[in-house]
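Next up, input.cif (mmCIF, N, CA and C atoms):
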data_final
#
loop_
_atom_site.label_atom_id
_atom_site.label_comp_id
_atom_site.auth_asym_id
_atom_site.auth_seq_id
_atom_site.Cartn_x
_atom_site.Cartn_y
_atom_site.Cartn_z
N GLY Y 1 -2.23 13.89 0.35
CA GLY Y 1 -1.04 14.54 -0.10
C GLY Y 1 -1.28 16.03 -0.34
N LYS Y 2 -0.20 16.74 -0.54
CA LYS Y 2 -0.31 18.18 -0.80
C LYS Y 2 -0.63 18.46 -2.26
N ARG Y 3 -0.06 17.64 -3.17
CA ARG Y 3 -0.23 17.92 -4.58
C ARG Y 3 -1.15 16.94 -5.30
N LEU Y 4 -1.18 15.69 -4.82
CA LEU Y 4 -1.96 14.63 -5.46
C LEU Y 4 -2.65 13.78 -4.40
N PRO Y 5 -3.77 13.15 -4.74
CA PRO Y 5 -4.36 12.22 -3.79
C PRO Y 5 -3.51 10.97 -3.68
N GLY Y 6 -3.47 10.36 -2.52
CA GLY Y 6 -2.80 9.07 -2.42
C GLY Y 6 -1.69 8.96 -1.41
N GLY Y 7 -1.26 10.06 -0.83
CA GLY Y 7 -0.19 9.96 0.17
C GLY Y 7 1.06 9.30 -0.38
N ARG Y 8 1.51 8.23 0.26
CA ARG Y 8 2.74 7.56 -0.16
C ARG Y 8 2.63 6.91 -1.53
N LEU Y 9 1.41 6.64 -1.99
CA LEU Y 9 1.25 6.09 -3.33
C LEU Y 9 1.65 7.11 -4.39
N SER Y 10 1.50 8.39 -4.08
CA SER Y 10 1.83 9.40 -5.08
C SER Y 10 3.29 9.76 -5.11
N GLY Y 11 4.09 9.17 -4.22
CA GLY Y 11 5.53 9.41 -4.25
C GLY Y 11 5.88 10.82 -3.84
N GLY Y 12 6.90 11.31 -4.42
CA GLY Y 12 7.35 12.65 -4.08
C GLY Y 12 8.17 13.22 -5.21
N ARG Y 13 9.01 14.14 -4.86
CA ARG Y 13 9.82 14.80 -5.89
C ARG Y 13 11.10 14.03 -6.21
N HIS Y 14 11.39 12.99 -5.42
CA HIS Y 14 12.62 12.22 -5.61
C HIS Y 14 12.28 10.80 -6.02
N PRO Y 15 13.12 10.17 -6.86
CA PRO Y 15 12.86 8.79 -7.27
C PRO Y 15 12.76 7.87 -6.06
N ASP Y 16 11.91 6.88 -6.15
CA ASP Y 16 11.72 5.86 -5.11
C ASP Y 16 11.33 6.44 -3.75
N SER Y 17 10.66 7.58 -3.73
CA SER Y 17 10.28 8.18 -2.45
C SER Y 17 8.89 7.74 -2.01
N GLY Y 18 8.18 7.03 -2.84
CA GLY Y 18 6.83 6.59 -2.51
C GLY Y 18 6.75 5.09 -2.40
N CYS Y 19 5.56 4.60 -2.37
CA CYS Y 19 5.27 3.18 -2.27
C CYS Y 19 5.63 2.50 -3.60
N GLN Y 20 6.44 1.44 -3.54
CA GLN Y 20 6.85 0.77 -4.77
C GLN Y 20 5.81 -0.26 -5.26
N PHE Y 21 5.06 -0.84 -4.33
CA PHE Y 21 4.08 -1.85 -4.69
C PHE Y 21 3.03 -1.95 -3.59
N ILE Y 22 1.96 -2.70 -3.88
CA ILE Y 22 0.90 -2.92 -2.90
C ILE Y 22 0.74 -4.43 -2.74
N ARG Y 23 0.59 -4.88 -1.50
CA ARG Y 23 0.32 -6.29 -1.23
C ARG Y 23 -0.77 -6.36 -0.17
N SER Y 24 -1.71 -7.23 -0.38
CA SER Y 24 -2.81 -7.38 0.56
C SER Y 24 -2.46 -8.38 1.65
N THR Y 25 -2.98 -8.11 2.86
CA THR Y 25 -2.86 -9.08 3.94
C THR Y 25 -4.25 -9.50 4.44
N SER Y 26 -5.29 -9.11 3.70
CA SER Y 26 -6.65 -9.50 4.09
C SER Y 26 -7.44 -9.90 2.86
N SER Y 27 -8.40 -10.78 3.05
CA SER Y 27 -9.21 -11.23 1.92
C SER Y 27 -10.07 -10.10 1.35
N ARG Y 28 -10.53 -9.18 2.22
CA ARG Y 28 -11.34 -8.05 1.73
C ARG Y 28 -10.53 -7.15 0.81
N PHE Y 29 -9.30 -6.82 1.22
CA PHE Y 29 -8.48 -5.94 0.39
C PHE Y 29 -8.02 -6.68 -0.87
N SER Y 30 -7.79 -7.99 -0.77
CA SER Y 30 -7.43 -8.77 -1.95
C SER Y 30 -8.53 -8.68 -3.00
N SER Y 31 -9.80 -8.72 -2.56
CA SER Y 31 -10.90 -8.61 -3.53
C SER Y 31 -10.95 -7.22 -4.16
N VAL Y 32 -10.60 -6.19 -3.39
CA VAL Y 32 -10.54 -4.83 -3.94
C VAL Y 32 -9.43 -4.76 -5.00
N LEU Y 33 -8.28 -5.34 -4.71
CA LEU Y 33 -7.18 -5.31 -5.68
C LEU Y 33 -7.54 -6.08 -6.95
N ARG Y 34 -8.23 -7.20 -6.81
CA ARG Y 34 -8.67 -7.94 -8.01
C ARG Y 34 -9.66 -7.11 -8.83
N MET Y 35 -10.56 -6.39 -8.14
CA MET Y 35 -11.52 -5.52 -8.84
C MET Y 35 -10.77 -4.41 -9.59
N LEU Y 36 -9.78 -3.80 -8.92
CA LEU Y 36 -9.00 -2.74 -9.57
C LEU Y 36 -8.19 -3.30 -10.74
N GLU Y 37 -7.73 -4.54 -10.60
CA GLU Y 37 -7.00 -5.18 -11.70
C GLU Y 37 -7.93 -5.39 -12.90
N SER Y 38 -9.16 -5.83 -12.63
CA SER Y 38 -10.14 -6.03 -13.73
C SER Y 38 -10.45 -4.72 -14.44
N ALA Y 39 -10.41 -3.61 -13.69
CA ALA Y 39 -10.70 -2.29 -14.26
C ALA Y 39 -9.47 -1.68 -14.94
N GLY Y 40 -8.32 -2.36 -14.88
CA GLY Y 40 -7.12 -1.84 -15.51
C GLY Y 40 -6.41 -0.76 -14.71
N VAL Y 41 -6.75 -0.64 -13.43
CA VAL Y 41 -6.13 0.38 -12.58
C VAL Y 41 -4.81 -0.12 -11.99
N VAL Y 42 -4.73 -1.42 -11.69
CA VAL Y 42 -3.50 -2.03 -11.18
C VAL Y 42 -3.21 -3.29 -11.99
N ALA Y 43 -1.97 -3.75 -11.87
CA ALA Y 43 -1.55 -5.01 -12.50
C ALA Y 43 -0.62 -5.74 -11.53
N LYS Y 44 -0.59 -7.05 -11.66
CA LYS Y 44 0.34 -7.83 -10.84
C LYS Y 44 1.77 -7.48 -11.27
N TRP Y 45 2.63 -7.39 -10.28
CA TRP Y 45 4.03 -7.08 -10.54
C TRP Y 45 4.87 -8.29 -10.19
N HIS Y 46 5.69 -8.69 -11.11
CA HIS Y 46 6.55 -9.86 -10.91
C HIS Y 46 8.00 -9.41 -10.87
N GLY Y 47 8.34 -8.71 -9.80
CA GLY Y 47 9.70 -8.21 -9.64
C GLY Y 47 10.65 -9.33 -9.26
N ARG Y 48 11.91 -9.05 -9.34
CA ARG Y 48 12.94 -10.03 -8.98
C ARG Y 48 13.23 -9.88 -7.50
N MET Y 49 12.68 -10.80 -6.70
CA MET Y 49 12.82 -10.74 -5.25
C MET Y 49 13.78 -11.83 -4.78
N GLY Y 50 14.40 -11.58 -3.64
CA GLY Y 50 15.31 -12.56 -3.07
C GLY Y 50 16.10 -11.94 -1.93
N LEU Y 51 17.14 -12.65 -1.53
CA LEU Y 51 18.03 -12.16 -0.47
C LEU Y 51 19.37 -11.78 -1.08
N LEU Y 52 19.85 -10.62 -0.71
CA LEU Y 52 21.16 -10.15 -1.15
C LEU Y 52 22.14 -10.41 -0.02
N GLY Y 53 23.18 -11.17 -0.30
CA GLY Y 53 24.17 -11.52 0.71
C GLY Y 53 25.10 -10.37 1.05
N ALA Y 54 25.77 -10.50 2.18
CA ALA Y 54 26.70 -9.45 2.63
C ALA Y 54 27.85 -9.25 1.66
N LYS Y 55 28.20 -10.29 0.90
CA LYS Y 55 29.31 -10.18 -0.05
C LYS Y 55 28.83 -10.05 -1.49
N GLY Y 56 27.54 -9.72 -1.65
CA GLY Y 56 27.02 -9.45 -2.99
C GLY Y 56 26.31 -10.60 -3.66
N GLY Y 57 26.32 -11.78 -3.10
CA GLY Y 57 25.60 -12.90 -3.70
C GLY Y 57 24.10 -12.67 -3.62
N PHE Y 58 23.35 -13.24 -4.56
CA PHE Y 58 21.90 -13.06 -4.60
C PHE Y 58 21.24 -14.43 -4.64
N LEU Y 59 20.27 -14.64 -3.73
CA LEU Y 59 19.50 -15.87 -3.67
C LEU Y 59 18.06 -15.54 -4.09
N PRO Y 60 17.67 -15.89 -5.33
CA PRO Y 60 16.33 -15.54 -5.81
C PRO Y 60 15.24 -16.21 -4.99
N GLN Y 61 14.08 -15.59 -4.97
CA GLN Y 61 12.94 -16.09 -4.21
C GLN Y 61 12.60 -17.53 -4.60
N ALA Y 62 12.64 -17.87 -5.89
CA ALA Y 62 12.31 -19.21 -6.34
C ALA Y 62 13.26 -20.25 -5.74
N VAL Y 63 14.53 -19.91 -5.62
CA VAL Y 63 15.52 -20.81 -5.04
C VAL Y 63 15.40 -20.80 -3.52
N LEU Y 64 15.10 -19.64 -2.97
CA LEU Y 64 14.98 -19.48 -1.52
C LEU Y 64 13.96 -20.45 -0.93
N GLY Y 65 12.87 -20.69 -1.65
CA GLY Y 65 11.82 -21.59 -1.18
C GLY Y 65 12.26 -23.02 -1.01
N LYS Y 66 13.39 -23.37 -1.61
CA LYS Y 66 13.91 -24.74 -1.53
C LYS Y 66 15.00 -24.89 -0.48
N THR Y 67 15.22 -23.84 0.32
CA THR Y 67 16.27 -23.87 1.33
C THR Y 67 15.68 -23.82 2.73
N PRO Y 68 16.46 -24.19 3.75
CA PRO Y 68 15.97 -24.09 5.13
C PRO Y 68 15.68 -22.65 5.55
N ILE Y 69 16.27 -21.67 4.88
CA ILE Y 69 16.04 -20.28 5.23
C ILE Y 69 14.56 -19.93 5.09
N SER Y 70 13.91 -20.48 4.05
CA SER Y 70 12.50 -20.19 3.81
C SER Y 70 11.63 -20.58 4.99
N SER Y 71 11.82 -21.79 5.53
CA SER Y 71 11.00 -22.22 6.67
C SER Y 71 11.34 -21.40 7.91
N MET Y 72 12.60 -21.00 8.08
CA MET Y 72 12.98 -20.17 9.22
C MET Y 72 12.30 -18.80 9.13
N LEU Y 73 12.22 -18.25 7.93
CA LEU Y 73 11.55 -16.96 7.75
C LEU Y 73 10.07 -17.07 8.09
N LYS Y 74 9.42 -18.14 7.60
CA LYS Y 74 7.99 -18.32 7.84
C LYS Y 74 7.68 -18.53 9.32
N GLU Y 75 8.56 -19.22 10.03
CA GLU Y 75 8.32 -19.54 11.43
C GLU Y 75 8.89 -18.49 12.37
N GLY Y 76 9.64 -17.53 11.84
CA GLY Y 76 10.23 -16.50 12.68
C GLY Y 76 11.30 -17.02 13.61
N LYS Y 77 11.96 -18.13 13.21
CA LYS Y 77 12.97 -18.76 14.07
C LYS Y 77 14.38 -18.24 13.82
N SER Y 78 14.49 -17.24 13.01
CA SER Y 78 15.81 -16.73 12.67
C SER Y 78 15.80 -15.22 12.70
N THR Y 79 16.96 -14.65 12.93
CA THR Y 79 17.04 -13.20 12.82
C THR Y 79 16.88 -12.78 11.36
N ALA Y 80 16.92 -13.75 10.45
CA ALA Y 80 16.74 -13.47 9.03
C ALA Y 80 15.32 -12.98 8.72
N ASP Y 81 14.37 -13.22 9.65
CA ASP Y 81 13.00 -12.77 9.37
C ASP Y 81 12.94 -11.25 9.26
N ALA Y 82 13.92 -10.55 9.82
CA ALA Y 82 13.95 -9.10 9.71
C ALA Y 82 14.23 -8.65 8.28
N VAL Y 83 14.79 -9.53 7.45
CA VAL Y 83 15.10 -9.15 6.08
C VAL Y 83 13.94 -9.41 5.13
N ASP Y 84 12.87 -10.04 5.60
CA ASP Y 84 11.72 -10.33 4.75
C ASP Y 84 10.79 -9.13 4.76
N PHE Y 85 11.18 -8.08 4.04
CA PHE Y 85 10.45 -6.82 3.97
C PHE Y 85 9.01 -7.06 3.56
N CYS Y 86 8.07 -6.70 4.40
CA CYS Y 86 6.64 -6.82 4.14
C CYS Y 86 6.19 -8.25 3.85
N GLY Y 87 7.01 -9.23 4.22
CA GLY Y 87 6.63 -10.61 3.99
C GLY Y 87 6.64 -11.02 2.53
N ILE Y 88 7.31 -10.29 1.66
CA ILE Y 88 7.24 -10.59 0.23
C ILE Y 88 7.99 -11.86 -0.14
N LEU Y 89 8.94 -12.31 0.68
CA LEU Y 89 9.67 -13.52 0.35
C LEU Y 89 8.90 -14.78 0.72
N THR Y 90 8.01 -14.69 1.68
CA THR Y 90 7.31 -15.87 2.17
C THR Y 90 5.81 -15.86 1.89
N SER Y 91 5.27 -14.80 1.36
CA SER Y 91 3.84 -14.70 1.10
C SER Y 91 3.50 -15.23 -0.29
N ASP Y 92 2.32 -15.81 -0.40
CA ASP Y 92 1.82 -16.24 -1.70
C ASP Y 92 0.95 -15.17 -2.36
N GLU Y 93 0.69 -14.08 -1.63
CA GLU Y 93 -0.13 -13.01 -2.17
C GLU Y 93 0.65 -12.25 -3.25
N PRO Y 94 -0.01 -11.91 -4.36
CA PRO Y 94 0.70 -11.17 -5.42
C PRO Y 94 0.97 -9.73 -5.02
N LEU Y 95 1.95 -9.15 -5.66
CA LEU Y 95 2.27 -7.73 -5.52
C LEU Y 95 1.62 -7.01 -6.70
N TYR Y 96 1.13 -5.79 -6.45
CA TYR Y 96 0.48 -5.00 -7.49
C TYR Y 96 1.14 -3.65 -7.62
N VAL Y 97 1.05 -3.08 -8.82
CA VAL Y 97 1.48 -1.70 -9.08
C VAL Y 97 0.38 -0.99 -9.84
N GLY Y 98 0.33 0.32 -9.70
CA GLY Y 98 -0.66 1.12 -10.41
C GLY Y 98 -0.30 1.29 -11.86
N LEU Y 99 -1.32 1.47 -12.70
CA LEU Y 99 -1.12 1.68 -14.13
C LEU Y 99 -1.61 3.07 -14.51
N PRO Y 100 -0.83 3.89 -15.14
CA PRO Y 100 0.55 3.63 -15.54
C PRO Y 100 1.55 3.79 -14.39
N GLN Y 101 1.11 4.38 -13.28
CA GLN Y 101 2.00 4.51 -12.11
C GLN Y 101 1.14 4.47 -10.85
N ASN Y 102 1.77 4.35 -9.69
CA ASN Y 102 1.02 4.15 -8.45
C ASN Y 102 0.09 5.30 -8.08
N ASP Y 103 0.44 6.53 -8.41
CA ASP Y 103 -0.47 7.63 -8.07
C ASP Y 103 -1.76 7.59 -8.90
N SER Y 104 -1.78 6.77 -9.93
CA SER Y 104 -2.98 6.61 -10.75
C SER Y 104 -4.09 5.88 -10.01
N ILE Y 105 -3.73 5.09 -8.98
CA ILE Y 105 -4.73 4.30 -8.25
C ILE Y 105 -5.73 5.23 -7.56
N CYS Y 106 -5.24 6.12 -6.74
CA CYS Y 106 -6.15 7.04 -6.02
C CYS Y 106 -6.85 7.99 -6.96
N ALA Y 107 -6.16 8.43 -7.98
CA ALA Y 107 -6.79 9.33 -8.95
C ALA Y 107 -7.97 8.63 -9.64
N ALA Y 108 -7.81 7.34 -9.97
CA ALA Y 108 -8.90 6.59 -10.61
C ALA Y 108 -10.06 6.40 -9.65
N ILE Y 109 -9.77 6.07 -8.40
CA ILE Y 109 -10.83 5.87 -7.41
C ILE Y 109 -11.57 7.18 -7.17
N CYS Y 110 -10.83 8.27 -7.01
CA CYS Y 110 -11.46 9.57 -6.79
C CYS Y 110 -12.29 10.00 -8.00
N GLY Y 111 -11.81 9.68 -9.18
CA GLY Y 111 -12.53 10.04 -10.40
C GLY Y 111 -13.82 9.28 -10.58
N ASP Y 112 -13.90 8.06 -10.02
CA ASP Y 112 -15.09 7.22 -10.17
C ASP Y 112 -16.10 7.38 -9.04
N THR Y 113 -15.76 8.18 -8.05
CA THR Y 113 -16.65 8.36 -6.89
C THR Y 113 -16.84 9.84 -6.61
N ALA Y 114 -17.76 10.14 -5.73
CA ALA Y 114 -18.02 11.53 -5.36
C ALA Y 114 -17.19 11.88 -4.12
N VAL Y 115 -15.87 11.85 -4.27
CA VAL Y 115 -14.96 12.12 -3.16
C VAL Y 115 -14.78 13.62 -2.99
N ASP Y 116 -14.91 14.07 -1.74
CA ASP Y 116 -14.63 15.47 -1.41
C ASP Y 116 -13.13 15.56 -1.18
N LEU Y 117 -12.38 15.83 -2.24
CA LEU Y 117 -10.93 15.81 -2.21
C LEU Y 117 -10.40 17.20 -1.92
N ARG Y 118 -9.60 17.32 -0.87
CA ARG Y 118 -9.01 18.60 -0.50
C ARG Y 118 -7.50 18.42 -0.37
N LEU Y 119 -6.78 18.93 -1.32
CA LEU Y 119 -5.32 18.81 -1.31
C LEU Y 119 -4.72 19.92 -0.46
N GLY Y 120 -3.61 19.61 0.21
CA GLY Y 120 -2.90 20.61 1.00
C GLY Y 120 -3.68 21.09 2.20
N THR Y 121 -4.59 20.27 2.69
CA THR Y 121 -5.41 20.64 3.84
C THR Y 121 -5.03 19.77 5.03
N ARG Y 122 -4.75 20.39 6.15
CA ARG Y 122 -4.34 19.64 7.34
C ARG Y 122 -5.56 19.35 8.22
N VAL Y 123 -5.72 18.06 8.56
CA VAL Y 123 -6.77 17.64 9.49
C VAL Y 123 -6.18 17.70 10.89
N VAL Y 124 -6.88 18.38 11.80
CA VAL Y 124 -6.38 18.49 13.17
C VAL Y 124 -7.07 17.50 14.11
N SER Y 125 -8.29 17.06 13.75
CA SER Y 125 -8.94 16.03 14.56
C SER Y 125 -10.05 15.39 13.75
N ALA Y 126 -10.37 14.16 14.14
CA ALA Y 126 -11.46 13.43 13.52
C ALA Y 126 -12.20 12.69 14.62
N GLU Y 127 -13.49 12.89 14.68
CA GLU Y 127 -14.30 12.29 15.73
C GLU Y 127 -15.40 11.44 15.10
N HIS Y 128 -15.41 10.16 15.46
CA HIS Y 128 -16.45 9.27 14.93
C HIS Y 128 -17.71 9.41 15.77
N ARG Y 129 -18.82 9.59 15.10
CA ARG Y 129 -20.12 9.71 15.76
C ARG Y 129 -20.98 8.54 15.30
N PRO Y 130 -21.15 7.53 16.17
CA PRO Y 130 -21.91 6.34 15.77
C PRO Y 130 -23.28 6.69 15.21
N GLY Y 131 -23.56 6.08 14.06
CA GLY Y 131 -24.85 6.31 13.41
C GLY Y 131 -24.92 7.59 12.60
N VAL Y 132 -23.91 8.45 12.73
CA VAL Y 132 -23.92 9.73 12.02
C VAL Y 132 -22.79 9.81 11.01
N GLY Y 133 -21.60 9.44 11.42
CA GLY Y 133 -20.43 9.51 10.55
C GLY Y 133 -19.26 10.17 11.26
N TRP Y 134 -18.45 10.88 10.51
CA TRP Y 134 -17.24 11.50 11.04
C TRP Y 134 -17.34 13.01 11.02
N LEU Y 135 -16.91 13.63 12.09
CA LEU Y 135 -16.77 15.08 12.15
C LEU Y 135 -15.28 15.36 12.06
N ILE Y 136 -14.87 16.06 11.02
CA ILE Y 136 -13.46 16.31 10.76
C ILE Y 136 -13.20 17.80 10.91
N MET Y 137 -12.25 18.14 11.77
CA MET Y 137 -11.86 19.53 11.99
C MET Y 137 -10.61 19.82 11.18
N LEU Y 138 -10.66 20.86 10.37
CA LEU Y 138 -9.52 21.25 9.55
C LEU Y 138 -8.75 22.37 10.24
N GLU Y 139 -7.50 22.52 9.87
CA GLU Y 139 -6.64 23.55 10.47
C GLU Y 139 -7.22 24.95 10.26
N SER Y 140 -7.96 25.13 9.20
CA SER Y 140 -8.57 26.42 8.90
C SER Y 140 -9.70 26.77 9.87
N GLY Y 141 -10.13 25.78 10.68
CA GLY Y 141 -11.25 25.98 11.58
C GLY Y 141 -12.56 25.43 11.04
N GLU Y 142 -12.56 25.06 9.76
CA GLU Y 142 -13.75 24.51 9.14
C GLU Y 142 -14.02 23.11 9.66
N ALA Y 143 -15.29 22.79 9.92
CA ALA Y 143 -15.70 21.44 10.33
C ALA Y 143 -16.49 20.83 9.18
N VAL Y 144 -16.14 19.60 8.81
CA VAL Y 144 -16.84 18.91 7.73
C VAL Y 144 -17.29 17.54 8.23
N GLU Y 145 -18.43 17.09 7.74
CA GLU Y 145 -18.96 15.79 8.12
C GLU Y 145 -18.92 14.85 6.92
N HIS Y 146 -18.52 13.59 7.19
CA HIS Y 146 -18.45 12.57 6.12
C HIS Y 146 -18.91 11.24 6.66
N ASP Y 147 -19.39 10.39 5.76
CA ASP Y 147 -19.83 9.06 6.15
C ASP Y 147 -18.67 8.14 6.44
N ALA Y 148 -17.54 8.35 5.76
CA ALA Y 148 -16.38 7.48 5.91
C ALA Y 148 -15.11 8.29 5.97
N LEU Y 149 -14.10 7.70 6.57
CA LEU Y 149 -12.79 8.36 6.69
C LEU Y 149 -11.73 7.36 6.28
N VAL Y 150 -10.87 7.76 5.35
CA VAL Y 150 -9.81 6.87 4.86
C VAL Y 150 -8.47 7.47 5.21
#
Rewritten as structure tokens:
Amino acid sequence: GKRLPGGRLSGGRHPDSGCQFIRSTSSRFSSVLRMLESAGVVAKWHGRMGLLGAKGGFLPQAVLGKTPISSMLKEGKSTADAVDFCGILTSDEPLYVGLPQNDSICAAICGDTAVDLRLGTRVVSAEHRPGVGWLIMLESGEAVEHDALV
């Protein structure tokens, strides 16, 4: 980001302009989220999820699981699967939010590690060099080398 680490996690100048929650789709990332939860950096979020009907009716996620719509969403047999944003209606994986807010996640990780953090810096190219790491070219013309690239 330009002002804070975290990109979409740090939001923006307008309400709801950033990432509202985090959900894992891999066992490796799930273990990272559990570690961050143990450290008090994130917490499980139990938002009110469901389907909002065209005429304003609301079908909560708990009720949705007892209807044929749920199996259609899971199997992709309906055009309704397009309404399952990020799979949150059919996934058993928990949703997480940062504490006290989402931009706190990257700030906590950067604070606990020796991250070379450069705000407002544009990367123009990144080249992976096997066995060596990454060569990153900045818009300023500066070249920097790192072991990892996120």
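Coordinates place atom N of Y:Glu139 at a distance of 11.8 Å from atom N of Y:Leu119.
Here atom C of Y:Val144 stands at a distance of 21.7 Å from atom N of Y:Ala107.
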In terms of the shortest atom-to-atom distance over only C-alpha atoms, which of Y:Gly47, Y:Gly133, Y:Gly120, Y:Gly65 is closest to Y:Ala148?
Y:Gly133
One-decimal distance in Å that lies between atom CA of Y:Asp147 and atom CA of Y:Val132:
7.2 Å
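With only C-alpha atoms as the atoms that count, the residue of Y:Ile22, Y:Ile88, Y:Ala114, Y:Leu33 with the shortest distance to Y:Arg48 is Y:Ile88.
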If you run DSSP on the backbone here, which positions in stretch 47-134 of chain Y get strand (DSSP E)? Please write them as JSON, numbers by chain.
{"Y": [50, 51, 52, 58, 59, 60, 95, 96, 97, 98, 123, 124, 125, 126, 127, 128, 129, 133, 134]}
Might you spell out which residues the PyMOL selection byres ((chain Y and resi 145) around 5) would select in the displayed file, as JSON, numbers by chain?
{"Y": [134, 135, 136, 143, 144, 146, 147]}
Residues returned when the PyMOL selection byres ((chain Y and resi 50) around 5) runs on this file, as a list in words:
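Output from the PyMOL selection byres ((chain Y and resi 50) around 5), applied to this file: Arg48, Met49, Leu51, Leu52, Leu59, Pro60 and Gln61 of chain Y.
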Kindly indicate which residue among Y:Ala54, Y:Leu149, Y:Leu89, Y:Val97 lies nearest to Y:Val115, using only C-alpha atoms for the distances.
Y:Leu149
Which is closer to Y:Gly111 than all the others in Y:Val41, Y:His128, Y:Lys66, Y:Asp92, using only C-alpha atoms?
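With only C-alpha atoms as the atom set, the closest residue is Y:Val41.
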For the point (-6.3, 21.1, 4.6) in the file's frame, write as a short mmCIF file (atom, residue, chain, number, x, y, z; two decimals) with N, CA and C atoms, in the frame of the given file all residues with an atom no more than 8 Å away, counting only N, CA and C atoms.
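Contents of part_2.cif, as written:
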data_model
loop_
_atom_site.label_atom_id
_atom_site.label_comp_id
_atom_site.auth_asym_id
_atom_site.auth_seq_id
_atom_site.Cartn_x
_atom_site.Cartn_y
_atom_site.Cartn_z
N ARG Y 118 -9.60 17.32 -0.87
CA ARG Y 118 -9.01 18.60 -0.50
C ARG Y 118 -7.50 18.42 -0.37
N LEU Y 119 -6.78 18.93 -1.32
CA LEU Y 119 -5.32 18.81 -1.31
C LEU Y 119 -4.72 19.92 -0.46
N GLY Y 120 -3.61 19.61 0.21
CA GLY Y 120 -2.90 20.61 1.00
C GLY Y 120 -3.68 21.09 2.20
N THR Y 121 -4.59 20.27 2.69
CA THR Y 121 -5.41 20.64 3.84
C THR Y 121 -5.03 19.77 5.03
N ARG Y 122 -4.75 20.39 6.15
CA ARG Y 122 -4.34 19.64 7.34
C ARG Y 122 -5.56 19.35 8.22
N VAL Y 123 -5.72 18.06 8.56
CA VAL Y 123 -6.77 17.64 9.49
C VAL Y 123 -6.18 17.70 10.89
N VAL Y 124 -6.88 18.38 11.80
CA VAL Y 124 -6.38 18.49 13.17
C VAL Y 124 -7.07 17.50 14.11
N MET Y 137 -12.25 18.14 11.77
CA MET Y 137 -11.86 19.53 11.99
C MET Y 137 -10.61 19.82 11.18
N LEU Y 138 -10.66 20.86 10.37
CA LEU Y 138 -9.52 21.25 9.55
C LEU Y 138 -8.75 22.37 10.24
N GLU Y 139 -7.50 22.52 9.87
CA GLU Y 139 -6.64 23.55 10.47
C GLU Y 139 -7.22 24.95 10.26
N SER Y 140 -7.96 25.13 9.20
CA SER Y 140 -8.57 26.42 8.90
C SER Y 140 -9.70 26.77 9.87
#
Identify all residues of stretch 9-150 of chain Y in alpha helix (DSSP H) (DSSP on the backbone) and supply them as a PyMOL selection string.
chain Y and resi 27-38+61-64+68-75+103-112
Which one is closest to Y:Leu99: Y:Asp112, Y:Ser31, Y:Gly40, Y:Phe21? Count all atoms listed in the file.
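Selected residue with least distance to Y:Leu99: Y:Gly40.
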